[in-house]
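Chemist: mmCIF, C-alpha atoms and all ligand atoms, saved as model-v6.cif, coming up:
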data_input
#
loop_
_atom_site.label_atom_id
_atom_site.label_comp_id
_atom_site.auth_asym_id
_atom_site.auth_seq_id
_atom_site.Cartn_x
_atom_site.Cartn_y
_atom_site.Cartn_z
CA MET Y 230 192.60 -22.87 62.43
CA SER Y 231 192.34 -19.42 60.88
CA TRP Y 232 196.04 -18.52 60.71
CA ARG Y 233 197.12 -20.78 57.89
CA THR Y 234 200.62 -20.50 56.48
CA PRO Y 235 200.45 -18.68 53.14
CA GLY Y 236 200.99 -21.17 50.33
CA HIS Y 237 200.00 -24.20 52.43
CA ARG Y 238 197.03 -25.24 50.27
CA ARG Y 239 198.84 -24.55 47.02
CA SER Y 240 201.81 -26.53 48.28
CA LEU Y 241 199.69 -29.58 49.11
CA ARG Y 242 198.01 -29.35 45.71
CA LEU Y 243 201.41 -29.20 43.99
CA PHE Y 244 202.64 -32.12 46.09
CA ARG Y 245 199.64 -34.23 45.08
CA ASP Y 246 199.31 -33.40 41.39
CA GLY Y 247 202.78 -32.06 40.56
CA ALA Y 248 201.41 -29.82 37.80
CA GLY Y 249 202.21 -32.65 35.40
CA ALA Y 250 205.64 -33.51 36.86
CA THR Y 251 206.66 -37.11 37.55
CA PRO Y 252 207.42 -38.06 41.18
CA ALA Y 253 211.11 -38.71 41.77
CA HIS Y 254 210.81 -42.45 42.40
CA MET Y 255 209.28 -42.89 38.93
CA ALA Y 256 211.31 -40.29 37.08
CA PHE Y 257 214.77 -41.79 37.51
CA PRO Y 258 215.95 -45.26 36.49
CA SER Y 259 217.37 -46.20 39.89
CA ALA Y 260 217.57 -44.76 43.38
CA PRO Y 261 220.67 -42.57 43.70
CA LEU Y 262 221.23 -43.69 47.31
CA PRO Y 263 220.58 -47.09 48.93
CA HIS Y 264 218.62 -47.54 52.13
CA PRO Y 265 220.61 -46.18 55.07
CA ASP Y 266 221.12 -48.01 58.36
CA GLY Y 267 219.77 -46.65 61.62
CA TRP Y 268 216.68 -46.12 63.74
CA PHE Y 269 213.55 -45.18 61.84
CA CYS Y 270 210.16 -44.18 63.15
CA VAL Y 271 207.36 -46.49 62.01
CA GLY Y 272 204.64 -44.97 64.17
CA PHE Y 273 203.65 -43.37 67.43
CA GLY Y 274 203.33 -45.37 70.64
CA HIS Y 275 199.65 -44.61 71.05
CA GLU Y 276 198.92 -46.26 67.69
CA VAL Y 277 199.56 -49.73 69.16
CA ALA Y 278 197.41 -50.30 72.23
CA ALA Y 279 197.96 -53.30 74.51
CA GLY Y 280 196.69 -56.40 72.71
CA GLU Y 281 196.99 -54.87 69.23
CA VAL Y 282 198.96 -55.89 66.15
CA ILE Y 283 199.72 -53.54 63.25
CA THR Y 284 201.94 -53.74 60.18
CA ARG Y 285 204.30 -51.02 59.01
CA ARG Y 286 207.00 -51.04 56.36
CA SER Y 287 210.65 -50.02 56.44
CA THR Y 288 213.59 -50.56 54.03
CA GLY Y 289 211.59 -52.81 51.75
CA GLU Y 290 210.12 -55.14 54.38
CA ASP Y 291 206.96 -55.33 56.42
CA VAL Y 292 207.48 -54.90 60.15
CA VAL Y 293 204.82 -56.28 62.49
CA LEU Y 294 204.35 -54.37 65.74
CA ALA Y 295 202.57 -56.11 68.60
CA ARG Y 296 202.00 -54.94 72.14
CA GLY Y 297 201.40 -57.51 74.85
CA ALA Y 298 199.00 -57.16 77.74
CA SER Y 299 201.92 -56.10 79.95
CA GLY Y 300 202.52 -53.13 77.65
CA ARG Y 301 205.66 -54.56 76.07
CA LEU Y 302 206.03 -53.59 72.43
CA ARG Y 303 207.79 -55.96 70.08
CA ALA Y 304 208.73 -55.67 66.41
CA LEU Y 305 208.68 -58.86 64.36
CA ARG Y 306 209.49 -59.99 60.87
CA PRO Y 307 206.12 -60.66 59.35
CA HIS Y 308 205.94 -64.33 58.48
CA CYS Y 309 205.07 -67.19 60.82
CA PRO Y 310 207.88 -69.77 61.15
CA HIS Y 311 205.34 -72.58 60.72
CA LEU Y 312 203.89 -72.23 57.22
CA GLY Y 313 204.45 -68.57 56.56
CA ALA Y 314 201.18 -66.75 57.31
CA HIS Y 315 201.54 -62.99 57.74
CA LEU Y 316 201.33 -62.24 61.44
CA GLY Y 317 200.16 -58.69 60.79
CA VAL Y 318 197.15 -60.18 59.00
CA MET Y 319 196.53 -63.40 60.93
CA GLY Y 320 198.10 -62.65 64.32
CA THR Y 321 196.25 -61.80 67.51
CA VAL Y 322 197.76 -61.00 70.87
CA THR Y 323 196.83 -63.06 73.92
CA GLY Y 324 198.59 -61.99 77.10
CA ASP Y 325 202.21 -61.57 76.02
CA ASP Y 326 201.92 -64.12 73.21
CA ILE Y 327 201.01 -63.71 69.57
CA VAL Y 328 198.80 -66.41 68.11
CA CYS Y 329 198.91 -67.11 64.38
CA GLY Y 330 195.38 -67.65 63.12
CA PHE Y 331 196.33 -70.11 60.35
CA HIS Y 332 196.99 -73.13 62.66
CA ARG Y 333 196.89 -71.30 66.01
CA PHE Y 334 200.50 -71.75 67.01
CA ALA Y 335 201.28 -69.39 69.89
CA PHE Y 336 204.62 -67.60 70.17
CA SER Y 337 206.04 -65.55 72.98
CA LEU Y 338 206.49 -61.98 71.80
CA ASP Y 339 210.16 -62.59 72.62
CA GLY Y 340 210.20 -65.26 69.91
CA PRO Y 341 209.94 -68.94 70.99
CA CYS Y 342 206.93 -71.06 70.09
CA ARG Y 343 205.09 -71.92 73.32
CA ARG Y 344 202.33 -74.23 72.15
CA THR Y 345 200.38 -75.49 69.19
CA ALA Y 346 196.68 -76.12 68.80
CA TYR Y 347 197.46 -79.81 68.22
CA GLY Y 348 198.30 -80.42 71.88
CA GLY Y 349 201.78 -81.93 71.33
CA PRO Y 350 205.06 -80.27 72.26
CA PRO Y 351 205.76 -77.07 70.32
CA PRO Y 352 208.29 -77.22 67.51
CA ARG Y 353 211.65 -75.60 67.92
CA ALA Y 354 210.54 -72.51 66.09
CA THR Y 355 211.20 -68.89 66.91
CA LEU Y 356 209.81 -65.65 65.57
CA ASP Y 357 212.31 -63.27 64.05
CA THR Y 358 212.28 -60.27 66.35
CA LEU Y 359 213.66 -56.88 65.35
CA PRO Y 360 215.27 -54.27 67.62
CA VAL Y 361 212.63 -51.73 68.62
CA ARG Y 362 212.69 -48.77 71.02
CA GLU Y 363 210.03 -46.42 72.32
CA THR Y 364 211.25 -42.95 73.15
CA GLY Y 365 209.39 -39.67 73.45
CA GLY Y 366 206.17 -41.32 72.21
CA LEU Y 367 207.85 -42.61 69.03
CA ILE Y 368 208.33 -46.20 67.87
CA LEU Y 369 211.76 -46.67 66.32
CA VAL Y 370 212.97 -49.84 64.63
CA TRP Y 371 216.57 -50.63 63.78
CA ARG Y 372 217.29 -51.30 60.14
CA ALA Y 373 220.65 -52.40 58.75
CA ARG Y 374 221.19 -53.56 55.20
CA ASP Y 375 223.62 -56.28 56.30
CA GLY Y 376 221.29 -57.45 59.09
CA SER Y 377 223.71 -56.45 61.84
CA PRO Y 378 222.43 -55.55 65.33
CA PRO Y 379 222.29 -51.94 66.54
CA THR Y 380 225.64 -50.22 66.77
CA TRP Y 381 224.21 -47.21 68.61
CA GLU Y 382 221.13 -46.25 70.60
CA PRO Y 383 218.57 -43.52 69.97
CA PRO Y 384 218.22 -40.85 72.68
CA ALA Y 385 216.10 -41.50 75.74
CA LEU Y 386 213.60 -38.66 75.30
CA SER Y 387 211.63 -37.79 78.39
CA THR Y 388 207.84 -37.92 78.19
CA SER Y 389 207.33 -36.60 81.71
CA GLY Y 390 205.10 -33.53 81.51
CA TRP Y 391 205.02 -33.66 77.70
CA ARG Y 392 201.73 -34.22 75.89
CA ALA Y 393 201.57 -37.24 73.60
CA PRO Y 394 202.93 -36.18 70.20
CA ARG Y 395 200.34 -35.02 67.68
CA GLY Y 396 201.53 -36.16 64.31
CA THR Y 397 200.80 -36.77 60.67
CA MET Y 398 202.37 -38.84 57.92
CA TYR Y 399 202.94 -38.24 54.22
CA GLU Y 400 204.12 -40.76 51.65
CA VAL Y 401 206.73 -38.99 49.58
CA ALA Y 402 209.14 -39.85 46.82
CA GLY Y 403 212.41 -39.23 48.58
CA HIS Y 404 215.13 -40.53 50.83
CA PRO Y 405 215.90 -39.93 54.53
CA GLN Y 406 219.28 -38.37 53.74
CA GLN Y 407 217.74 -35.83 51.39
CA ILE Y 408 214.78 -35.12 53.70
CA THR Y 409 216.95 -34.71 56.82
CA GLU Y 410 219.30 -32.44 54.87
CA ASN Y 411 216.51 -29.87 55.13
CA VAL Y 412 217.48 -29.03 58.71
CA VAL Y 413 220.91 -27.74 57.68
CA ASP Y 414 219.68 -26.22 54.40
CA PHE Y 415 219.49 -22.75 55.91
CA GLY Y 416 219.28 -21.15 52.48
CA HIS Y 417 215.69 -22.28 51.97
CA LEU Y 418 214.34 -21.03 55.30
CA GLU Y 419 213.67 -17.53 54.06
CA HIS Y 420 212.98 -18.28 50.43
CA LEU Y 421 210.62 -21.24 50.88
CA HIS Y 422 209.35 -20.84 54.45
CA GLY Y 423 209.46 -17.06 54.84
CA ALA Y 424 211.54 -17.29 58.02
CA THR Y 425 214.51 -14.93 58.07
CA LEU Y 426 217.63 -15.97 59.96
CA ALA Y 427 218.26 -13.47 62.74
CA ALA Y 428 221.84 -14.64 63.32
CA ALA Y 429 224.34 -17.06 61.83
CA PRO Y 430 223.20 -20.59 62.72
CA GLU Y 431 225.38 -22.89 64.77
CA VAL Y 432 225.94 -26.47 63.59
CA SER Y 433 228.18 -29.25 64.83
CA PHE Y 434 228.68 -32.84 63.76
CA ASP Y 435 229.67 -35.25 66.47
CA GLY Y 436 229.65 -39.01 65.95
CA ARG Y 437 226.11 -40.19 65.14
CA GLU Y 438 224.65 -36.81 66.00
CA CYS Y 439 224.40 -33.48 64.31
CA GLY Y 440 223.21 -30.57 66.40
CA GLY Y 441 222.77 -26.86 66.27
CA ARG Y 442 220.69 -23.80 66.84
CA PHE Y 443 219.18 -21.06 64.72
CA ARG Y 444 217.05 -18.02 65.36
CA VAL Y 445 214.46 -16.86 62.87
CA VAL Y 446 212.02 -14.00 62.50
CA ARG Y 447 208.81 -14.55 60.60
CA ARG Y 448 205.41 -13.04 60.12
CA LEU Y 449 202.39 -15.16 61.01
CA PRO Y 450 198.93 -14.32 59.71
CA ARG Y 451 196.82 -12.73 62.50
CA VAL Y 452 199.75 -12.90 64.90
CA GLY Y 453 202.26 -10.55 63.30
CA GLN Y 454 206.02 -10.73 63.51
CA VAL Y 455 207.42 -13.36 65.84
CA SER Y 456 210.93 -14.57 66.51
CA ALA Y 457 211.96 -17.96 67.81
CA THR Y 458 215.13 -19.85 68.59
CA TYR Y 459 215.18 -23.49 67.56
CA THR Y 460 217.64 -26.02 68.92
CA PHE Y 461 217.93 -29.20 66.91
CA ARG Y 462 219.56 -32.59 67.26
CA VAL Y 463 219.70 -35.12 64.47
CA TYR Y 464 220.22 -38.78 65.42
CA GLY Y 465 221.16 -40.67 62.29
CA LEU Y 466 219.06 -40.06 59.19
CA GLY Y 467 215.67 -40.94 60.71
CA LEU Y 468 215.19 -38.79 63.79
CA THR Y 469 215.41 -35.03 64.08
CA VAL Y 470 214.29 -33.42 67.34
CA ILE Y 471 213.75 -29.67 67.30
CA GLU Y 472 212.98 -27.77 70.49
CA CYS Y 473 211.78 -24.23 70.96
CA ALA Y 474 211.39 -22.79 74.45
CA LEU Y 475 208.68 -20.12 74.68
CA SER Y 476 209.58 -19.23 78.28
CA ASP Y 477 211.19 -20.81 81.33
CA HIS Y 478 207.95 -22.74 81.85
CA VAL Y 479 206.76 -23.52 78.34
CA ALA Y 480 208.65 -25.73 75.89
CA THR Y 481 207.71 -27.16 72.52
CA ARG Y 482 209.27 -30.06 70.69
CA PHE Y 483 208.95 -31.18 67.07
CA PHE Y 484 209.95 -34.36 65.36
CA ALA Y 485 210.89 -34.84 61.69
CA LEU Y 486 210.87 -38.57 60.99
CA PRO Y 487 211.64 -39.94 57.53
CA ASN Y 488 211.33 -43.70 57.22
CA PRO Y 489 212.70 -45.33 54.04
CA VAL Y 490 209.99 -47.62 52.74
CA ASP Y 491 211.10 -48.60 49.24
CA PRO Y 492 213.78 -47.28 46.89
CA TRP Y 493 213.40 -43.49 46.89
CA ARG Y 494 210.05 -43.79 48.68
CA ALA Y 495 209.70 -42.65 52.26
CA GLU Y 496 207.10 -42.07 54.89
CA PHE Y 497 207.59 -38.65 56.38
CA ARG Y 498 206.12 -38.25 59.85
CA PHE Y 499 205.94 -34.89 61.50
CA ALA Y 500 204.86 -34.50 65.11
CA ALA Y 501 204.69 -31.81 67.76
CA THR Y 502 204.39 -31.84 71.51
CA ALA Y 503 204.57 -29.30 74.33
CA ARG Y 504 205.18 -29.10 78.04
CA VAL Y 505 203.97 -26.46 80.48
CA ALA Y 506 205.36 -26.50 84.01
CA PRO Y 507 202.62 -26.28 86.67
CA SER Y 508 202.23 -22.72 87.88
CA GLU Y 509 202.75 -21.90 91.55
CA ARG Y 510 200.17 -19.14 91.25
CA VAL Y 511 197.40 -21.67 90.62
CA PRO Y 512 196.03 -23.69 93.58
CA ARG Y 513 197.86 -26.99 93.77
CA MET Y 514 194.87 -29.19 92.97
CA TRP Y 515 194.33 -27.26 89.73
CA SER Y 516 197.88 -26.54 88.64
CA LYS Y 517 198.63 -29.94 87.09
CA PRO Y 518 195.39 -30.25 85.10
CA ALA Y 519 195.67 -26.60 84.06
CA SER Y 520 199.23 -27.08 82.79
CA GLY Y 521 198.08 -30.21 80.92
CA VAL Y 522 195.30 -28.29 79.17
CA ALA Y 523 197.66 -25.40 78.37
CA ALA Y 524 200.25 -27.83 76.98
CA ARG Y 525 197.63 -29.44 74.75
CA LEU Y 526 196.51 -26.08 73.36
CA ILE Y 527 200.09 -24.98 72.72
CA ARG Y 528 200.96 -28.33 71.16
CA ASP Y 529 197.97 -28.11 68.83
CA ALA Y 530 198.70 -24.51 67.84
CA PHE Y 531 202.36 -25.27 67.15
CA TYR Y 532 201.43 -28.46 65.35
CA VAL Y 533 199.20 -26.52 62.95
CA ILE Y 534 201.73 -23.73 62.39
CA HIS Y 535 204.66 -26.05 61.80
CA ALA Y 536 202.77 -28.76 59.92
CA HIS Y 537 201.53 -26.06 57.54
CA GLY Y 538 205.01 -24.56 57.29
CA GLY Y 539 206.57 -27.98 56.81
CA SER Y 540 204.10 -28.84 54.05
CA LEU Y 541 205.94 -26.34 51.85
CA ASP Y 542 208.81 -28.86 51.64
CA LEU Y 543 206.61 -31.69 50.31
CA PRO Y 544 206.42 -30.66 46.64
CA VAL Y 545 210.17 -30.04 46.69
CA TRP Y 546 211.07 -33.49 47.99
CA HIS Y 547 208.49 -35.37 45.92
CA TYR Y 548 209.88 -34.20 42.57
CA GLN Y 549 213.50 -33.46 43.53
CA THR Y 550 216.47 -35.27 42.05
CA TYR Y 551 219.59 -35.99 44.08
CA ARG Y 552 222.41 -33.70 43.03
CA GLU Y 553 225.57 -35.57 43.86
CA THR Y 554 227.61 -32.47 43.06
CA PRO Y 555 225.34 -29.56 43.94
CA ARG Y 556 226.42 -26.13 42.74
CA LEU Y 557 226.44 -24.44 46.12
CA ALA Y 558 226.69 -20.73 46.71
CA PRO Y 559 227.52 -18.46 49.65
CA GLY Y 560 224.43 -18.44 51.86
CA ASP Y 561 223.80 -22.18 51.58
CA GLY Y 562 223.97 -24.27 54.76
CA PRO Y 563 226.73 -26.82 55.43
CA ILE Y 564 225.46 -29.30 52.86
CA GLY Y 565 228.87 -30.82 52.16
CA ARG Y 566 229.71 -31.38 55.82
CA TYR Y 567 226.26 -32.91 56.36
CA ARG Y 568 226.71 -35.34 53.47
CA LYS Y 569 230.16 -36.33 54.69
CA TRP Y 570 228.65 -37.01 58.14
CA ALA Y 571 225.80 -38.98 56.55
CA GLU Y 572 228.19 -41.42 54.85
CA GLN Y 573 228.61 -43.32 58.14
CA PHE Y 574 225.00 -44.55 57.97
CA TYR Y 575 225.55 -46.91 55.05
CA SER Y 576 226.81 -50.39 55.90
CA THR Y 577 228.28 -50.41 52.43
CA PRO Y 578 229.13 -46.97 51.10
CA PRO Y 579 226.75 -45.45 48.57
CA ALA Y 580 228.02 -45.52 45.01
CA THR Y 581 227.88 -41.74 44.97
CA THR Y 582 230.51 -39.47 46.48
CA THR Y 583 230.31 -35.92 47.72
CA GLY Y 584 233.85 -34.83 46.94
CA ASP Y 585 232.93 -31.99 44.61
CA CYS Y 586 230.44 -30.66 47.14
CA HIS Y 587 233.10 -30.55 49.86
CA ALA Y 588 235.32 -28.52 47.60
CA VAL Y 589 232.54 -25.98 47.05
CA CYS Y 590 231.92 -25.65 50.81
CA ASP Y 591 235.62 -25.13 51.47
CA VAL Y 592 235.57 -22.21 49.05
CA HIS Y 593 232.72 -20.65 51.04
CA GLN Y 594 234.66 -20.88 54.25
CA ARG Y 595 237.66 -19.21 52.68
CA GLN Y 596 235.31 -16.45 51.52
CA GLY Y 597 234.31 -15.78 55.12
CA HIS Y 598 230.97 -17.62 55.23
CA GLY Y 599 232.24 -20.34 57.54
CA GLY Y 600 230.35 -18.81 60.47
CA GLN Y 601 227.09 -20.11 59.07
CA HIS Y 602 228.46 -23.61 58.90
S1 LIG A 1 201.34 -70.61 59.50
FE1 LIG A 1 201.25 -69.78 61.45
S2 LIG A 1 200.47 -71.36 62.68
FE2 LIG A 1 200.64 -72.24 60.73
FE FE A 2 212.02 -26.91 54.96
#
Would you put the structure from the file into structure tokens?
Ligand code: FES
Ligand SMILES: [Fe+2]
Modeler:
Amino acid sequence: MSWRTPGHRRSLRLFRDGAGATPAHMAFPSAPLPHPDGWFCVGFGHEVAAGEVITRRSTGEDVVLARGASGRLRALRPHCPHLGAHLGVMGTVTGDDIVCGFHRFAFSLDGPCRRTAYGGPPPRATLDTLPVRETGGLILVWRARDGSPPTWEPPALSTSGWRAPRGTMYEVAGHPQQITENVVDFGHLEHLHGATLAAAPEVSFDGRECGGRFRVVRRLPRVGQVSATYTFRVYGLGLTVIECALSDHVATRFFALPNPVDPWRAEFRFAATARVAPSERVPRMWSKPASGVAARLIRDAFYVIHAHGGSLDLPVWHYQTYRETPRLAPGDGPIGRYRKWAEQFYSTPPATTTGDCHAVCDVHQRQGHGGQH
């Protein structure tokens, strides 16, 4: 694509070589925040076809994903209950069973052992299944440090009319709380991304969700000045959905998806999709395919623009420390309120506190900058 975001290549180079800097997970003696609880994206639905098994990692453990012939997706702890083979390595899917290749015990994808290759009755053995959801083309697994079941559900995102998400993944030194903080860090929009806020952003924190809206003006190479209004919703620390309507008929949607892999190491997935309502001015037999093609082109264009723009964050995150008491200034986003909201996603509270940060934010509000919060 010819209209690259200025600084994109340099940013990726800085992310990869750091100009001699040490990535954050190696630079500090211990992770400043533990793994959070919640739903985290470990892949896109189209990455696991019926009959396939893949392995992903989240909060320090492998997670095996297997899709049965019926299309059911299941997430499993990796090791076979028999003698411990890794099902992501040795497992194959037959119908809606997974068969471990070490001794060929077959397990229902719901857990129980159905049969062995020895012919006798199966042992009372059950696979450890993990809560998994598919929504909007994403695969989300529930992770809780104390092993507790889900206490809330991710949103049911419609896929009707939307193209499959086009996404990418980076392995970064970082943490979902710090990465997701980006969406309310309005101060960096202009100074890192070159997008000027056209009005005071709106933000609210409500239970497990944080939501808001902001309007920016920016200059795109070969396109010129454009303005756009983004509406975002954050569901826990692993799923941010940002939507931007281009017209009554054309909508785009982006996902920012940090998945905590190991202490202060995360996979960061970014994905884009688009929907174009069929036009009544096009003959009926052509309108649906035409809107599908248009949606794919728009998705791909927005993917490139926003993936390039988003890449500017990578060298920040990869070498960034966690400032427990950041020295905030008027013009910053509602960092303190965000961190207070984020505390609910730890089954045991993080050792750090954000008290000093709250005090700084309160000062801003008294100075008349509360409208941006
Ligand atoms: S270890 Fe899986 S069948 Fe034996
Ligand atoms: Fe950013």
Chemist: Let me make sure I understand: among Y:Cys309, Y:His535, Y:Arg238, Y:Gln406, which one has the smallest atom-to-atom distance to Arg568 (chain Y) if we use all atoms listed in the file?
Modeler: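 Closest residue, counting all atoms listed in the file: Y:Gln406.
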Chemist: Within 10 Å of region 422-434 of chain Y, counting all atoms listed in the file, which residues qualify if same-chain residues fewer than 4 places away don't, as a PyMOL selection string?
Modeler: chain Y and resi 234-236+413+415-418+438-449+455-463+537-542+562-563+566-567+569-571+598-602
Chemist: Counting all atoms listed in the file, figure out which residue out of Y:Trp381, Y:Phe574, Y:Trp515, Y:Tyr399 gets nearest to Leu262 (chain Y).
Modeler: Y:Phe574
Chemist: Would you compute the distance between CA of Phe257 (chain Y) and CA of Leu369 (chain Y)? Give it in Å to one decimal.
Modeler: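 Between CA of Phe257 (chain Y) and CA of Leu369 (chain Y) the gap is 29.4 Å.
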Chemist: Taking all atoms listed in the file and a cut-off of 10 Å, can you tell me which residues surround ligand LIG 1 (chain A), written as a list in words?
Modeler: His308, Cys309, Pro310, His311, Leu312, Gly313, Ala314, His315, Leu316, Met319, Gly320, Val328, Cys329, Gly330, Phe331, His332, Arg333, Phe334, Ala335, Phe336, Cys342, Thr345 and Ala346 of chain Y
Chemist: Could you please give me, as a PyMOL selection string, the residues of protein, DNA or RNA lying at most 10 Å from (206.7, -28.8, 47.7) in the coordinate frame of the file, considering all atoms listed in the file?
Modeler: chain Y and resi 236-237+239-245+247+421+539-549
Chemist: Which protein, DNA or RNA residues are at most 6 Å from (204.8, -29.6, 65.0) in the file's coordinates when you count all atoms listed in the file, listed as a ChimeraX atom specification?
Modeler: /Y:483,500-501,531-532,535-536
Chemist: I need the residues from that last selection saved to file as an mmCIF file, keeping the file's coordinate frame (with C-alpha atoms), if you can.
Modeler:
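Output below, filename again14.cif:
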data_model
loop_
_atom_site.group_PDB
_atom_site.id
_atom_site.type_symbol
_atom_site.label_atom_id
_atom_site.label_comp_id
_atom_site.auth_asym_id
_atom_site.auth_seq_id
_atom_site.Cartn_x
_atom_site.Cartn_y
_atom_site.Cartn_z
ATOM 1 C CA PHE Y 483 208.950 -31.180 67.070
ATOM 2 C CA ALA Y 500 204.860 -34.500 65.110
ATOM 3 C CA ALA Y 501 204.690 -31.810 67.760
ATOM 4 C CA PHE Y 531 202.360 -25.270 67.150
ATOM 5 C CA TYR Y 532 201.430 -28.460 65.350
ATOM 6 C CA HIS Y 535 204.660 -26.050 61.800
ATOM 7 C CA ALA Y 536 202.770 -28.760 59.920
#
Chemist: CA of Ala295 (chain Y) and CA of Ala485 (chain Y), how far apart in Å?
Modeler: 23.9 Å
Chemist: From the list Y:Arg306, Y:Arg372, Y:His275, Y:His420, which residue is nearest ligand FE 2 (chain A) when using only C-alpha atoms and all ligand atoms?
Modeler: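 Between Y:Arg306, Y:Arg372, Y:His275, Y:His420, the residue approaching ligand FE 2 (chain A) most closely is Y:His420.
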Chemist: Rounded to one decimal, what separation in Å do you get between CA of Ala402 (chain Y) and CA of Asp291 (chain Y)?
Modeler: 18.3 Å
Chemist: Which one of Y:Glu363, Y:Glu419, Y:Asp339, Y:Asp375 sits closest to ligand FE 2 (chain A) if you count all atoms listed in the file?
Modeler: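 Once distances to ligand FE 2 (chain A) are computed over all atoms listed in the file, the minimum belongs to Y:Glu419.
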Chemist: With distances taken over all atoms listed in the file, which of Y:Thr321, Y:Gly403, Y:Glu281, Y:Gly249 is nearest to Pro492 (chain Y)?
Modeler: Y:Gly403
Chemist: Just the residues within 9 Å of Thr409 (chain Y), please, counting all atoms listed in the file, with nothing from its chain fewer than 4 positions along; format it as JSON, numbers by chain.
Modeler: {"Y": [404, 405, 413, 463, 466, 467, 468, 469, 485, 486, 487]}
Chemist: Would you mind putting N, CA, C and O atoms back on region 426-439 of chain Y and writing the result as a compact mmCIF listing (two decimals), in the coordinates of the input?
Modeler:
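Once everything was written out, this is selection04.txt:
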# COMPACT_ATOMS: atom_id res chain seq x y z
N LEU Y 426 216.64 -15.69 58.91
CA LEU Y 426 217.63 -15.97 59.96
C LEU Y 426 218.00 -14.66 60.65
O LEU Y 426 218.33 -13.67 59.99
N ALA Y 427 217.93 -14.68 61.98
CA ALA Y 427 218.26 -13.47 62.74
C ALA Y 427 219.73 -13.44 63.14
O ALA Y 427 220.22 -12.43 63.61
N ALA Y 428 220.41 -14.56 62.99
CA ALA Y 428 221.84 -14.64 63.32
C ALA Y 428 222.41 -15.84 62.58
O ALA Y 428 221.65 -16.69 62.10
N ALA Y 429 223.72 -15.91 62.49
CA ALA Y 429 224.34 -17.06 61.83
C ALA Y 429 224.03 -18.32 62.63
O ALA Y 429 224.23 -18.35 63.85
N PRO Y 430 223.51 -19.36 61.98
CA PRO Y 430 223.20 -20.59 62.72
C PRO Y 430 224.45 -21.30 63.20
O PRO Y 430 225.53 -21.13 62.63
N GLU Y 431 224.28 -22.07 64.26
CA GLU Y 431 225.38 -22.89 64.77
C GLU Y 431 225.09 -24.34 64.40
O GLU Y 431 223.96 -24.80 64.56
N VAL Y 432 226.10 -25.05 63.93
CA VAL Y 432 225.94 -26.47 63.59
C VAL Y 432 227.20 -27.21 64.00
O VAL Y 432 228.31 -26.70 63.83
N SER Y 433 227.02 -28.41 64.56
CA SER Y 433 228.18 -29.25 64.83
C SER Y 433 227.84 -30.69 64.47
O SER Y 433 226.67 -31.08 64.50
N PHE Y 434 228.84 -31.44 64.11
CA PHE Y 434 228.68 -32.84 63.76
C PHE Y 434 229.55 -33.64 64.71
O PHE Y 434 230.76 -33.38 64.83
N ASP Y 435 228.94 -34.56 65.42
CA ASP Y 435 229.67 -35.25 66.47
C ASP Y 435 229.21 -36.71 66.51
O ASP Y 435 228.14 -37.01 67.02
N GLY Y 436 230.02 -37.60 65.96
CA GLY Y 436 229.65 -39.01 65.95
C GLY Y 436 228.35 -39.23 65.19
O GLY Y 436 228.20 -38.77 64.06
N ARG Y 437 227.39 -39.91 65.81
CA ARG Y 437 226.11 -40.19 65.14
C ARG Y 437 225.19 -38.99 65.13
O ARG Y 437 224.10 -39.06 64.57
N GLU Y 438 225.57 -37.93 65.83
CA GLU Y 438 224.65 -36.81 66.00
C GLU Y 438 225.13 -35.56 65.26
O GLU Y 438 226.33 -35.32 65.13
N CYS Y 439 224.15 -34.81 64.84
CA CYS Y 439 224.40 -33.48 64.31
C CYS Y 439 223.51 -32.56 65.13
O CYS Y 439 222.35 -32.90 65.39
